[in-house]
Every structure is written in C-alpha cells, then in structure tokens.
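J.: Contents are mmCIF, C-alpha atoms and all ligand atoms; file name entry_14.cif:
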data_query
#
loop_
_atom_site.label_atom_id
_atom_site.label_comp_id
_atom_site.auth_asym_id
_atom_site.auth_seq_id
_atom_site.Cartn_x
_atom_site.Cartn_y
_atom_site.Cartn_z
CA MET A 1 -76.46 95.76 51.24
CA LYS A 2 -78.46 97.54 48.56
CA ASP A 3 -77.87 101.25 48.51
CA THR A 4 -81.43 102.39 47.83
CA HIS A 5 -83.52 104.38 50.25
CA ALA A 6 -85.72 102.01 52.19
CA VAL A 7 -85.77 104.40 55.13
CA MET A 8 -88.31 107.13 54.53
CA ASN A 9 -86.72 110.37 53.48
CA THR A 10 -87.56 112.51 56.52
CA TYR A 11 -84.08 113.52 57.67
CA ASN A 12 -81.30 115.64 56.21
CA ARG A 13 -78.62 113.33 57.48
CA ILE A 14 -75.04 114.38 58.04
CA PRO A 15 -72.73 112.06 56.04
CA VAL A 16 -71.00 110.32 58.93
CA ASP A 17 -71.88 107.02 60.62
CA PHE A 18 -70.84 106.40 64.19
CA VAL A 19 -70.11 102.87 65.28
CA ARG A 20 -69.09 103.22 68.92
CA GLY A 21 -68.91 105.67 71.77
CA GLU A 22 -66.73 106.12 74.83
CA GLY A 23 -67.62 108.75 77.41
CA SER A 24 -67.95 112.10 75.64
CA TRP A 25 -66.47 110.72 72.41
CA LEU A 26 -67.97 109.09 69.31
CA TYR A 27 -65.99 107.05 66.75
CA ASP A 28 -66.90 106.80 63.08
CA THR A 29 -66.42 103.89 60.66
CA ASP A 30 -62.79 105.00 60.01
CA ASP A 31 -62.14 105.26 63.77
CA ASN A 32 -61.95 109.07 63.70
CA LYS A 33 -63.03 110.41 67.05
CA TYR A 34 -65.30 113.35 67.77
CA LEU A 35 -66.19 115.14 70.96
CA ASP A 36 -69.95 114.80 71.24
CA ALA A 37 -71.14 118.27 72.25
CA ILE A 38 -74.67 117.46 71.05
CA SER A 39 -75.18 114.15 72.96
CA GLY A 40 -77.79 112.79 70.57
CA ILE A 41 -79.71 116.08 71.00
CA ALA A 42 -79.39 116.46 74.77
CA VAL A 43 -80.19 112.79 75.31
CA CYS A 44 -76.99 110.97 76.31
CA ALA A 45 -76.61 112.71 79.66
CA LEU A 46 -74.13 110.09 80.89
CA GLY A 47 -72.19 110.10 77.62
CA HIS A 48 -71.65 106.84 75.77
CA ASN A 49 -70.83 103.46 77.25
CA HIS A 50 -71.47 104.45 80.87
CA PRO A 51 -70.66 101.33 82.98
CA GLY A 52 -73.53 101.68 85.49
CA PHE A 53 -76.05 102.28 82.71
CA ILE A 54 -74.78 99.32 80.67
CA LYS A 55 -74.93 97.02 83.69
CA ALA A 56 -78.48 98.06 84.64
CA VAL A 57 -79.80 97.63 81.09
CA GLN A 58 -77.98 94.34 80.51
CA GLU A 59 -79.24 92.85 83.77
CA GLN A 60 -82.82 93.97 83.15
CA VAL A 61 -82.93 92.85 79.52
CA ALA A 62 -81.95 89.36 80.70
CA LYS A 63 -84.59 89.41 83.44
CA LEU A 64 -87.75 91.01 81.99
CA VAL A 65 -88.31 93.47 79.14
CA HIS A 66 -92.03 94.18 78.86
CA THR A 67 -95.26 93.09 80.47
CA SER A 68 -97.64 96.02 79.63
CA ASN A 69 -99.57 98.26 81.98
CA LEU A 70 -102.18 95.56 82.48
CA TYR A 71 -100.02 94.48 85.43
CA GLY A 72 -98.04 96.03 88.23
CA ILE A 73 -94.54 97.23 87.37
CA PRO A 74 -92.49 97.70 90.55
CA LEU A 75 -89.64 99.46 88.71
CA GLN A 76 -92.16 102.06 87.48
CA GLU A 77 -93.15 102.81 91.05
CA GLU A 78 -89.50 103.01 92.09
CA LEU A 79 -88.63 105.40 89.26
CA ALA A 80 -91.75 107.50 89.88
CA GLN A 81 -90.77 107.88 93.53
CA LYS A 82 -87.25 108.97 92.61
CA LEU A 83 -88.51 111.51 90.08
CA CYS A 84 -91.07 112.88 92.54
CA GLN A 85 -88.34 113.12 95.17
CA ALA A 86 -86.05 114.97 92.74
CA SER A 87 -88.80 117.32 91.57
CA GLY A 88 -91.29 117.79 94.40
CA MET A 89 -94.06 116.58 92.08
CA ASP A 90 -96.66 114.02 93.26
CA SER A 91 -97.25 111.50 90.48
CA VAL A 92 -95.90 110.35 87.13
CA PHE A 93 -97.35 108.99 83.89
CA PHE A 94 -94.74 107.17 81.81
CA CYS A 95 -94.65 107.27 78.02
CA ASN A 96 -91.99 106.93 75.33
CA SER A 97 -91.00 110.35 74.02
CA GLY A 98 -91.14 114.09 74.59
CA ALA A 99 -94.04 114.64 72.22
CA GLU A 100 -96.04 111.97 74.02
CA ALA A 101 -95.29 113.53 77.39
CA ASN A 102 -96.69 116.80 76.04
CA GLU A 103 -99.75 115.06 74.63
CA ALA A 104 -100.44 113.76 78.14
CA ALA A 105 -100.08 117.31 79.49
CA ILE A 106 -102.44 118.71 76.85
CA LYS A 107 -105.05 116.04 77.59
CA MET A 108 -104.69 116.74 81.31
CA ALA A 109 -105.35 120.44 80.73
CA ARG A 110 -108.44 119.70 78.70
CA MET A 111 -109.84 117.27 81.24
CA TYR A 112 -109.09 119.80 83.99
CA GLY A 113 -111.04 122.42 82.00
CA HIS A 114 -114.02 120.13 81.59
CA SER A 115 -113.97 119.43 85.33
CA LYS A 116 -114.46 123.19 85.74
CA ASN A 117 -117.38 123.09 83.25
CA ILE A 118 -115.44 124.87 80.53
CA ASP A 119 -116.63 123.42 77.23
CA LEU A 120 -113.70 124.47 75.04
CA PRO A 121 -110.69 124.71 77.35
CA GLY A 122 -107.81 126.80 76.02
CA ILE A 123 -104.05 126.54 76.51
CA ILE A 124 -101.62 129.44 76.18
CA VAL A 125 -98.47 128.56 74.22
CA MET A 126 -95.45 130.63 73.17
CA GLU A 127 -93.95 132.07 70.05
CA GLY A 128 -90.78 130.17 69.17
CA ALA A 129 -91.94 127.11 71.12
CA PHE A 130 -91.04 123.53 70.27
CA HIS A 131 -93.06 120.73 71.83
CA GLY A 132 -92.73 117.84 69.35
CA ARG A 133 -94.21 116.53 66.10
CA THR A 134 -97.44 114.73 67.01
CA MET A 135 -100.55 116.75 66.17
CA GLY A 136 -101.24 118.16 69.63
CA ALA A 137 -97.60 118.90 70.33
CA LEU A 138 -97.18 120.25 66.80
CA THR A 139 -100.12 122.61 67.31
CA ALA A 140 -98.40 123.91 70.45
CA THR A 141 -95.13 124.26 68.50
CA HIS A 142 -94.50 127.53 66.64
CA SER A 143 -92.35 127.26 63.55
CA ASN A 144 -92.99 127.31 59.82
CA ARG A 145 -90.38 124.63 59.34
CA HIS A 146 -92.18 122.18 61.62
CA GLN A 147 -95.81 123.14 60.99
CA GLY A 148 -95.76 123.87 57.25
CA GLY A 149 -98.04 121.55 55.28
CA PHE A 150 -99.77 119.99 58.28
CA ALA A 151 -102.85 122.17 58.77
CA PRO A 152 -105.51 121.89 60.09
CA PHE A 153 -104.22 122.09 63.64
CA LEU A 154 -106.10 121.59 66.90
CA ASP A 155 -108.40 124.21 68.35
CA GLY A 156 -107.95 125.77 71.74
CA PHE A 157 -104.36 127.05 71.56
CA TYR A 158 -103.59 130.73 72.14
CA ARG A 159 -100.15 132.04 71.24
CA VAL A 160 -98.32 134.88 72.94
CA PRO A 161 -94.69 136.10 72.72
CA PHE A 162 -92.20 134.21 74.92
CA ASN A 163 -90.92 136.10 77.97
CA ASP A 164 -93.86 138.54 77.89
CA ILE A 165 -95.98 138.56 81.05
CA PRO A 166 -98.38 141.36 80.01
CA ALA A 167 -99.22 139.38 76.85
CA VAL A 168 -100.23 136.38 78.99
CA GLU A 169 -102.41 138.59 81.23
CA GLU A 170 -104.06 140.20 78.21
CA CYS A 171 -104.74 136.81 76.62
CA ILE A 172 -106.37 135.51 79.80
CA LYS A 173 -108.52 138.63 80.09
CA ASN A 174 -109.78 138.16 76.53
CA ASN A 175 -110.30 134.40 76.76
CA PRO A 176 -112.06 133.19 79.91
CA ASN A 177 -111.84 129.59 78.63
CA ILE A 178 -108.07 129.42 79.21
CA VAL A 179 -107.12 126.72 81.72
CA ALA A 180 -103.36 126.28 81.31
CA VAL A 181 -100.05 127.77 80.20
CA LEU A 182 -97.56 125.47 78.43
CA VAL A 183 -94.00 126.80 78.26
CA GLU A 184 -90.36 125.70 78.05
CA PRO A 185 -88.28 127.18 80.92
CA ILE A 186 -85.57 127.72 78.29
CA GLN A 187 -86.51 127.43 74.63
CA GLY A 188 -84.15 124.84 73.15
CA GLU A 189 -85.02 124.42 69.48
CA GLY A 190 -86.06 128.09 69.52
CA GLY A 191 -82.39 129.05 70.02
CA ILE A 192 -81.49 128.60 73.72
CA CYS A 193 -83.76 131.52 74.66
CA ILE A 194 -83.60 132.29 78.37
CA PRO A 195 -86.42 134.38 79.84
CA VAL A 196 -85.91 137.03 82.55
CA SER A 197 -85.22 135.37 85.90
CA ASP A 198 -88.68 135.95 87.44
CA TYR A 199 -90.65 134.89 84.34
CA LEU A 200 -91.62 131.45 85.67
CA SER A 201 -92.43 132.84 89.13
CA LYS A 202 -94.76 135.40 87.56
CA LEU A 203 -96.42 132.75 85.41
CA ARG A 204 -96.84 130.70 88.59
CA SER A 205 -98.68 133.59 90.32
CA ILE A 206 -100.86 134.24 87.28
CA CYS A 207 -101.83 130.57 87.12
CA ASP A 208 -102.59 130.55 90.87
CA ASP A 209 -104.72 133.69 90.63
CA ASN A 210 -106.71 132.29 87.71
CA GLU A 211 -106.87 128.62 88.77
CA MET A 212 -104.91 127.62 85.70
CA LEU A 213 -102.32 124.87 85.32
CA LEU A 214 -98.69 125.86 84.87
CA MET A 215 -97.32 123.19 82.52
CA LEU A 216 -93.57 123.16 81.91
CA ASP A 217 -92.03 121.38 78.95
CA GLU A 218 -88.74 120.15 80.42
CA VAL A 219 -88.13 117.57 77.71
CA GLN A 220 -84.79 119.22 76.95
CA THR A 221 -84.04 121.21 80.14
CA GLY A 222 -84.83 118.36 82.55
CA ASN A 223 -82.76 115.61 84.15
CA GLY A 224 -79.82 117.78 85.14
CA ARG A 225 -79.22 119.60 81.88
CA THR A 226 -79.24 123.11 83.44
CA GLY A 227 -77.45 122.12 86.66
CA LYS A 228 -80.65 121.56 88.67
CA TYR A 229 -82.65 118.36 88.33
CA PHE A 230 -85.34 120.40 86.59
CA ALA A 231 -84.89 123.95 85.31
CA TYR A 232 -87.81 125.41 87.31
CA GLN A 233 -85.82 124.61 90.46
CA HIS A 234 -83.69 127.67 89.71
CA ASN A 235 -86.87 129.62 90.50
CA ASN A 236 -88.18 128.02 93.66
CA ILE A 237 -91.61 127.28 92.20
CA LEU A 238 -93.51 124.07 91.52
CA PRO A 239 -95.39 123.54 88.26
CA ASP A 240 -98.71 121.69 88.14
CA VAL A 241 -97.61 119.60 85.18
CA LEU A 242 -94.12 118.79 83.91
CA SER A 243 -93.17 116.88 80.77
CA THR A 244 -89.74 115.38 80.32
CA ALA A 245 -87.93 112.85 78.09
CA LYS A 246 -84.58 113.28 76.24
CA GLY A 247 -82.00 112.86 79.05
CA LEU A 248 -84.37 110.76 81.16
CA GLY A 249 -83.24 107.45 79.63
CA ASN A 250 -79.77 108.35 78.31
CA GLY A 251 -80.86 107.07 74.89
CA PHE A 252 -83.33 104.42 75.95
CA PRO A 253 -86.70 105.83 74.82
CA ILE A 254 -88.77 106.97 77.79
CA GLY A 255 -90.83 110.05 78.52
CA ALA A 256 -92.74 111.16 81.58
CA CYS A 257 -95.52 113.54 82.47
CA LEU A 258 -95.38 114.54 86.14
CA ALA A 259 -98.17 116.29 88.02
CA SER A 260 -98.55 117.93 91.42
CA GLY A 261 -101.43 118.80 93.73
CA LYS A 262 -104.85 118.86 92.07
CA ALA A 263 -103.34 118.06 88.68
CA ALA A 264 -102.04 114.74 90.04
CA GLU A 265 -105.66 113.62 90.51
CA ILE A 266 -106.96 114.53 87.03
CA PHE A 267 -106.29 111.24 85.27
CA GLN A 268 -108.20 108.22 86.58
CA PRO A 269 -108.12 104.63 85.28
CA GLY A 270 -108.97 104.53 81.59
CA HIS A 271 -108.28 108.20 80.86
CA HIS A 272 -104.86 107.81 79.31
CA ALA A 273 -102.62 104.89 78.36
CA THR A 274 -99.79 103.63 76.21
CA THR A 275 -98.72 100.08 75.46
CA PHE A 276 -94.98 100.57 75.87
CA GLY A 277 -94.88 103.31 78.50
CA GLY A 278 -92.75 102.60 81.56
CA SER A 279 -91.69 99.06 80.69
CA PRO A 280 -89.40 97.32 83.18
CA LEU A 281 -86.49 97.83 80.78
CA ALA A 282 -87.18 101.54 80.20
CA CYS A 283 -87.53 102.12 83.93
CA ALA A 284 -84.32 100.24 84.73
CA ALA A 285 -82.51 102.45 82.20
CA ALA A 286 -83.96 105.66 83.67
CA LEU A 287 -83.24 104.52 87.23
CA ALA A 288 -79.60 103.99 86.27
CA VAL A 289 -79.51 107.55 84.92
CA TYR A 290 -81.04 108.93 88.13
CA GLU A 291 -78.56 107.00 90.25
CA ALA A 292 -75.57 108.17 88.21
CA ILE A 293 -76.71 111.82 88.38
CA VAL A 294 -76.85 111.56 92.18
CA ALA A 295 -73.80 109.34 92.78
CA GLU A 296 -71.52 111.22 90.40
CA ASP A 297 -72.70 114.68 91.44
CA LEU A 298 -73.57 115.51 87.85
CA LEU A 299 -75.74 118.53 88.69
CA ALA A 300 -72.67 120.20 90.20
CA ASN A 301 -70.54 119.13 87.25
CA ALA A 302 -73.08 120.56 84.80
CA CYS A 303 -72.83 123.92 86.64
CA VAL A 304 -69.03 123.91 86.81
CA GLN A 305 -68.38 122.78 83.24
CA GLY A 306 -71.23 124.90 81.88
CA ASP A 307 -69.77 128.01 83.51
CA ARG A 308 -66.31 127.06 82.28
CA ILE A 309 -67.51 126.72 78.67
CA LYS A 310 -69.58 129.90 78.79
CA PHE A 311 -66.74 131.89 80.39
CA GLY A 312 -64.11 130.41 78.06
CA LEU A 313 -66.14 131.19 74.97
CA SER A 314 -66.86 134.71 76.24
CA MET A 315 -63.15 135.38 76.78
CA GLN A 316 -62.18 134.01 73.38
CA LEU A 317 -64.99 135.67 71.48
CA GLN A 318 -65.38 138.99 73.26
CA SER A 319 -64.12 140.95 70.30
CA SER A 320 -65.68 138.79 67.60
CA PRO A 321 -67.91 140.82 65.27
CA HIS A 322 -69.97 137.72 64.53
CA VAL A 323 -71.16 136.93 68.04
CA VAL A 324 -74.43 138.48 69.21
CA ALA A 325 -74.67 136.67 72.56
CA ILE A 326 -73.35 133.72 74.53
CA ARG A 327 -75.95 132.38 76.91
CA GLY A 328 -76.84 129.26 78.78
CA SER A 329 -77.73 127.50 81.98
CA GLY A 330 -75.61 124.57 83.09
CA LEU A 331 -74.68 122.48 80.06
CA MET A 332 -77.32 123.99 77.77
CA ILE A 333 -75.39 126.68 75.97
CA GLY A 334 -76.04 128.79 72.89
CA VAL A 335 -73.76 131.05 70.89
CA GLU A 336 -75.87 133.37 68.79
CA ILE A 337 -74.21 134.41 65.54
CA ASN A 338 -75.26 137.49 63.58
CA ARG A 339 -76.29 135.48 60.51
CA PRO A 340 -77.34 131.94 59.57
CA CYS A 341 -74.43 129.65 60.44
CA ALA A 342 -75.43 126.10 59.49
CA GLU A 343 -72.03 125.60 57.81
CA LEU A 344 -70.36 125.67 61.25
CA VAL A 345 -71.72 122.18 61.91
CA ALA A 346 -69.58 120.57 59.19
CA GLN A 347 -66.60 122.79 59.98
CA ALA A 348 -66.70 121.82 63.66
CA ARG A 349 -67.01 118.17 62.70
CA ASP A 350 -63.86 118.46 60.57
CA LYS A 351 -62.09 119.71 63.72
CA GLY A 352 -63.48 116.83 65.80
CA VAL A 353 -66.42 118.45 67.62
CA LEU A 354 -70.09 117.61 67.07
CA ILE A 355 -72.45 120.56 67.48
CA ASN A 356 -75.69 121.62 65.91
CA VAL A 357 -77.37 124.88 65.10
CA ALA A 358 -80.76 125.80 66.55
CA SER A 359 -83.09 128.34 65.00
CA GLY A 360 -80.71 128.93 62.08
CA ASN A 361 -78.09 131.05 63.85
CA VAL A 362 -77.47 129.69 67.35
CA VAL A 363 -74.65 127.18 67.91
CA ARG A 364 -76.09 124.74 70.43
CA LEU A 365 -73.79 122.99 72.90
CA VAL A 366 -75.39 120.27 75.05
CA PRO A 367 -72.53 117.88 75.91
CA PRO A 368 -72.86 114.96 78.35
CA LEU A 369 -73.35 116.00 82.00
CA ASN A 370 -70.17 114.12 82.98
CA ILE A 371 -67.88 115.98 80.57
CA ASN A 372 -64.49 116.87 82.11
CA GLU A 373 -62.33 120.00 82.06
CA GLU A 374 -60.07 118.99 79.19
CA GLU A 375 -63.08 118.11 77.07
CA SER A 376 -64.75 121.42 77.90
CA ASP A 377 -61.55 123.23 76.94
CA PHE A 378 -61.43 121.33 73.64
CA ILE A 379 -64.95 122.57 72.87
CA ILE A 380 -64.02 126.15 73.82
CA GLU A 381 -60.86 126.18 71.66
CA THR A 382 -62.43 124.51 68.65
CA ILE A 383 -65.64 126.51 68.57
CA SER A 384 -64.06 129.88 69.28
CA ASP A 385 -61.34 129.33 66.66
CA LEU A 386 -64.01 128.47 64.12
CA ILE A 387 -66.20 131.46 64.89
CA LYS A 388 -63.19 133.82 64.98
CA GLY A 389 -62.10 132.51 61.61
CA GLN A 390 -65.40 133.28 59.90
CA SER A 391 -64.93 135.53 56.89
CA VAL A 392 -68.26 137.35 56.95
CA GLY A 393 -68.59 140.65 58.83
CA SER A 394 -66.03 143.42 59.21
CA PRO A 395 -62.86 142.14 60.89
CA GLY A 396 -61.61 144.15 63.84
CA GLU A 397 -64.97 145.70 64.56
CA THR A 398 -65.97 145.28 68.21
CA GLN A 399 -69.37 144.36 69.55
C1 LIG B 401 -87.13 117.40 71.74
C2 LIG B 401 -88.23 118.13 72.38
C3 LIG B 401 -89.55 117.67 72.32
C4 LIG B 401 -89.96 116.45 71.52
O1 LIG B 401 -89.41 115.29 72.02
P1 LIG B 401 -89.49 113.94 71.13
O2 LIG B 401 -88.92 112.90 72.04
O3 LIG B 401 -88.68 114.18 69.90
O4 LIG B 401 -90.91 113.71 70.81
C5 LIG B 401 -90.51 118.37 73.01
N1 LIG B 401 -90.21 119.48 73.70
C6 LIG B 401 -88.96 119.96 73.78
C7 LIG B 401 -88.68 121.18 74.60
C8 LIG B 401 -87.92 119.31 73.12
O5 LIG B 401 -86.69 119.80 73.16
#
Is it possible to give me this structure as structure tokens?

T.:
Amino acid sequence: MKDTHAVMNTYNRIPVDFVRGEGSWLYDTDDNKYLDAISGIAVCALGHNHPGFIKAVQEQVAKLVHTSNLYGIPLQEELAQKLCQASGMDSVFFCNSGAEANEAAIKMARMYGHSKNIDLPGIIVMEGAFHGRTMGALTATHSNRHQGGFAPFLDGFYRVPFNDIPAVEECIKNNPNIVAVLVEPIQGEGGICIPVSDYLSKLRSICDDNEMLLMLDEVQTGNGRTGKYFAYQHNNILPDVLSTAKGLGNGFPIGACLASGKAAEIFQPGHHATTFGGSPLACAAALAVYEAIVAEDLLANACVQGDRIKFGLSMQLQSSPHVVAIRGSGLMIGVEINRPCAELVAQARDKGVLINVASGNVVRLVPPLNINEEESDFIIETISDLIKGQSVGSPGETQ
C-alpha cells in the first residue's frame, strides 16, 4: 500500500489503528487493548461487537439494503413508532447524520415562520453551541475553531449566552421575527456544560408564550446517553422539534428529526428529502439499538455506572488542585481541568483508556451504555491517577 495521503487532510489523527472491538474494549494492530471511554464520540452505545446488533444488521444486509424513499419502507415506520413511543414525539424524518438532522430542524423553523407570515424567520442559538459542520448547522454552531474561514454564514440566527433565560427574553423582545430556539440540553463539544435544572422548562414556557418552536439538539445526549431516552425527559417537558443521531445507530450512520404537535405537520410531501435517509438497513440497525436499550435496561445502567464514575472521580480527585469541576448526567461526564489538557488523551491511551478532551480543558467520558462496574472502576483509577500526577499547579493546595 502506498503511504501517501490520498485521504483529504481534514483530521488530526491519533497514531493508533484499531482492528477489532469486544464490548467496551478496542484492540489495535499489535493486539493491545484499550477501554473505549469515548465510544466513537458517543456513538457506539452498545459497545463493539454486540450480538443482537450484529445479527440484526447481518440479516437485513442479506435481505434488503436500500430502496429509496420513492417507496414504502416498513422498517422506517416501525422505528419511527418506537422512537415516538420512547420520546412522546409524533413523527420522524430520517436522515444520515447529526448535522443533517439539524438542517431539517432549521428548515422546519423557517417554514413554520413563513406559515405565520414572517418573511425572515429568526432562530435563537447559544454561545458555545455545536450543531455540526454543514452550512446551516455551522451557522448555528459557535466556535472559532469550527467556523473560522467559512464566512459568509446564513442570515436569521441570533446568539445568546447558554443557560441565560433573561438573554433569551431580551432577544425575543428586540426581534419579533424569532420563531424558534435551538439548544443542546447539555453542551457536549462545548465542554459537557449542564444548565440549571429548570432551564429547559423555562425555555418551554417562553416558546409557548411566544408561539415559538423549542428545538432540542439531542444528537449527543439522546438514545440513553444521560440515563433517560432523551435528556429533556429529566425535565418533564416535550420539545416541538428534536434532532438526534450519534448513538441512534451504534455506528451505522442514521440521524432523525422528530417533531410533535403543530411542528409534526410542517413538512408536507416535497418539502424535504434525502436519498439515503432511513434505508431498510439503517432502520434495522437502529431498531436493534432500541431493542437492546430496552431489553438490557441500559437507561438504568447508564445512571448507575454514570453515578459510580462521577462519585469515584470526585472521591479520588477531591483534593486535586487541577480539577475545577466534575459534572455529568448518566454516562456523559466531564472533568474540567484548570488549564488546557490535550496531552491527557495520549497519556490515558498509554494506560489503556481512550478519552478525548472537549473545549480544550474538559476530559470527556462517554463510554458504552452497557459498561460494567469493573470497567467503570478502571476508568476511575486510570483517569484520577493521571490527573493527580499532573505536574502543573501547586501540589497540596486544595480546591
Ligand atoms: C456530533 C454532534 C452534531 C453533528 O453530528 P454529525 O453526525 O457529526 O453531523 C450535532 N450536534 C451535536 C450536539 C453533536 O454532538
């Protein structure tokens, strides 16, 4: 194989190649094993090599892969019903990624605005947000690293600080064209930022009072990640629009944009489409994920193991001068360090744990939802030893 770079140079790749996976573990070309506490960026919810998932995909690939949305797709209907049942939403549009799910949401908001005779409908988005890399989603995103060099962006986006209700109210007062709020229940790429507990409920009331759509980006928080099927279910509210992807297909590419109530009626035939979206194979994969989450009680496991990891790290790191905060919901956990800590990724890998760092200084832990106690403890020991061993800061100083 020639060792030139035929793949476009868009990724800073870590110099390790994995060749197989088994549960929460990945094996490299030298058969070294690593505990996968990043799960392909919160994607492999069932871990690697899950028997039910393998069986469902193998059977479907041998039966029928793709027909297009020109025709009926019974598995799409079945998956949509399961997702609506799990979420309380009314209808689902299937696509292939998180960014695409958000594009569908953005188009829905605009069409909703036009139905109210608003010529230039506006969407409120948040500081620190990440919604994907396509132009609409990238406009909604807020980060120099992702947006730099790609201007001009789309019109009609209004940015306010995350977790700031008065800022949303002020923005609506000043901009009568606003028709929707797009927000992550927990900011993932932004550094596992968790808003105050009534933030979503207050946004819900504001949207109700102003006939605006509450649109939640649950691409990362969805599908059991936080210990509920969707993160808003911690709050007892229902969004109008919900985007999800990542864990939905356990690594098979699939995204979804769910809608409820009046929002579920916005798109009519011809308004939105994608060639690949919701293929029989993608739906079979996502159905297997749904079934495993239910049958294996993975929401409960995400709560139990998530609490175990958070508590274990807190105990180990309570006197560490480097740790600003340990926070999380279910198996979406962040350890904020008091300085940039990208080097921890390689150090953890040397000790056999795969992590990544969000927002420059937050160790992100998003292991598979079916991780067990011993594996959780391995993460706790490895990560806390590493952070305790850091040489920067004044040793002995307490928080
Ligand atoms: C990853 C992510 C996206 C983008 O998903 P892609 O599948 O990479 O397009 C959007 N929103 C959030 C919250 C994400 O974490």

J.: Have a look at A:Gly360, A:Gly330, A:Pro280, A:Pro15 and name the one nearest to A:Lys63; count all atoms listed in the file.

T.: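 Closest to A:Lys63, using all atoms listed in the file: A:Pro280.
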
J.: State, in Å with one decimal place, the distance from atom CA of A:Leu26 to atom CA of A:Ala231.

T.: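 These atoms are spaced 27.6 Å apart.
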
J.: Out of A:Ile206, A:Val219, A:Val345, A:Leu120, which residue has the shortest atom-to-atom distance to A:Asn175 when counting all atoms listed in the file?

T.: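 So, comparing all the options, the nearest one is A:Leu120.
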
J.: Within 8 Å of ligand LIG 401 (chain B), counting all atoms listed in the file, which protein or nucleic acid residues do you find, written as a ChimeraX atom specification?

T.: /A:41,96-102,129-134,137,184,187-189,217-221,244-246,253,255

J.: Report, in Å with one decimal, the straight-line distance from atom CA of A:Arg364 to atom CA of A:Asp297.

T.: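 These two atoms are separated by 23.5 Å.
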
J.: Smallest atom-to-atom distance to A:Cys303: which of A:Pro321, A:Pro176, A:Gly227, A:Gly40, using only C-alpha atoms?

T.: A:Gly227

J.: Quick one: everything within 9 Å of A:Ser279, counting only C-alpha atoms, minus sequence neighbours fewer than 5 positions away in the same chain. Send it as a count of residues only.

T.: 11

J.: Of the candidates A:Cys283, A:Ala180, A:Val125, A:Val92, which one gets nearest to A:Thr139 if we count only C-alpha atoms?

T.: A:Val125

J.: Return the single residue from A:Asn49, A:Ser91, A:Gln347, A:Asn210 that is closest to A:Pro368, with distances computed using all atoms listed in the file.

T.: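 Using all atoms listed in the file, the shortest distance to A:Pro368 belongs to A:Asn49.
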
J.: Grab the atom CA of A:Glu170 to atom CA of A:His142 distance for me, in Å with one decimal place.

T.: 19.6 Å

J.: Since the input has fewer atoms than a full residue there, write stretch 220-233 of chain A out with N, CA, C and O atoms, as a compact mmCIF listing (two decimals), keeping the file's coordinate frame.

T.:
# COMPACT_ATOMS: atom_id res chain seq x y z
N GLN A 220 -86.21 118.98 77.21
CA GLN A 220 -84.79 119.22 76.95
C GLN A 220 -84.05 119.73 78.20
O GLN A 220 -82.90 119.38 78.44
N THR A 221 -84.71 120.58 79.00
CA THR A 221 -84.04 121.21 80.14
C THR A 221 -83.96 120.30 81.36
O THR A 221 -83.23 120.59 82.31
N GLY A 222 -84.73 119.21 81.36
CA GLY A 222 -84.83 118.36 82.55
C GLY A 222 -83.66 117.41 82.75
O GLY A 222 -82.73 117.35 81.94
N ASN A 223 -83.73 116.66 83.85
CA ASN A 223 -82.76 115.61 84.15
C ASN A 223 -81.32 116.11 84.23
O ASN A 223 -80.39 115.47 83.75
N GLY A 224 -81.16 117.28 84.84
CA GLY A 224 -79.82 117.78 85.14
C GLY A 224 -79.21 118.71 84.12
O GLY A 224 -78.15 119.29 84.37
N ARG A 225 -79.82 118.86 82.99
CA ARG A 225 -79.22 119.60 81.88
C ARG A 225 -78.77 121.02 82.29
O ARG A 225 -77.72 121.49 81.88
N THR A 226 -79.58 121.71 83.10
CA THR A 226 -79.24 123.11 83.44
C THR A 226 -78.53 123.22 84.79
O THR A 226 -78.35 124.31 85.31
N GLY A 227 -78.16 122.08 85.38
CA GLY A 227 -77.45 122.12 86.66
C GLY A 227 -78.37 121.98 87.87
O GLY A 227 -77.89 121.89 89.00
N LYS A 228 -79.68 121.99 87.65
CA LYS A 228 -80.65 121.56 88.67
C LYS A 228 -81.33 120.34 88.07
O LYS A 228 -81.28 120.14 86.85
N TYR A 229 -82.02 119.54 88.93
CA TYR A 229 -82.65 118.36 88.33
C TYR A 229 -83.64 118.79 87.24
O TYR A 229 -83.64 118.26 86.14
N PHE A 230 -84.47 119.79 87.59
CA PHE A 230 -85.34 120.40 86.59
C PHE A 230 -85.11 121.91 86.60
O PHE A 230 -84.78 122.49 87.64
N ALA A 231 -85.29 122.55 85.46
CA ALA A 231 -84.89 123.95 85.31
C ALA A 231 -85.71 124.88 86.20
O ALA A 231 -85.22 125.91 86.65
N TYR A 232 -86.99 124.51 86.49
CA TYR A 232 -87.81 125.41 87.31
C TYR A 232 -87.25 125.51 88.72
O TYR A 232 -87.59 126.44 89.46
N GLN A 233 -86.38 124.57 89.11
CA GLN A 233 -85.82 124.61 90.46
C GLN A 233 -84.83 125.76 90.65
O GLN A 233 -84.45 126.07 91.78
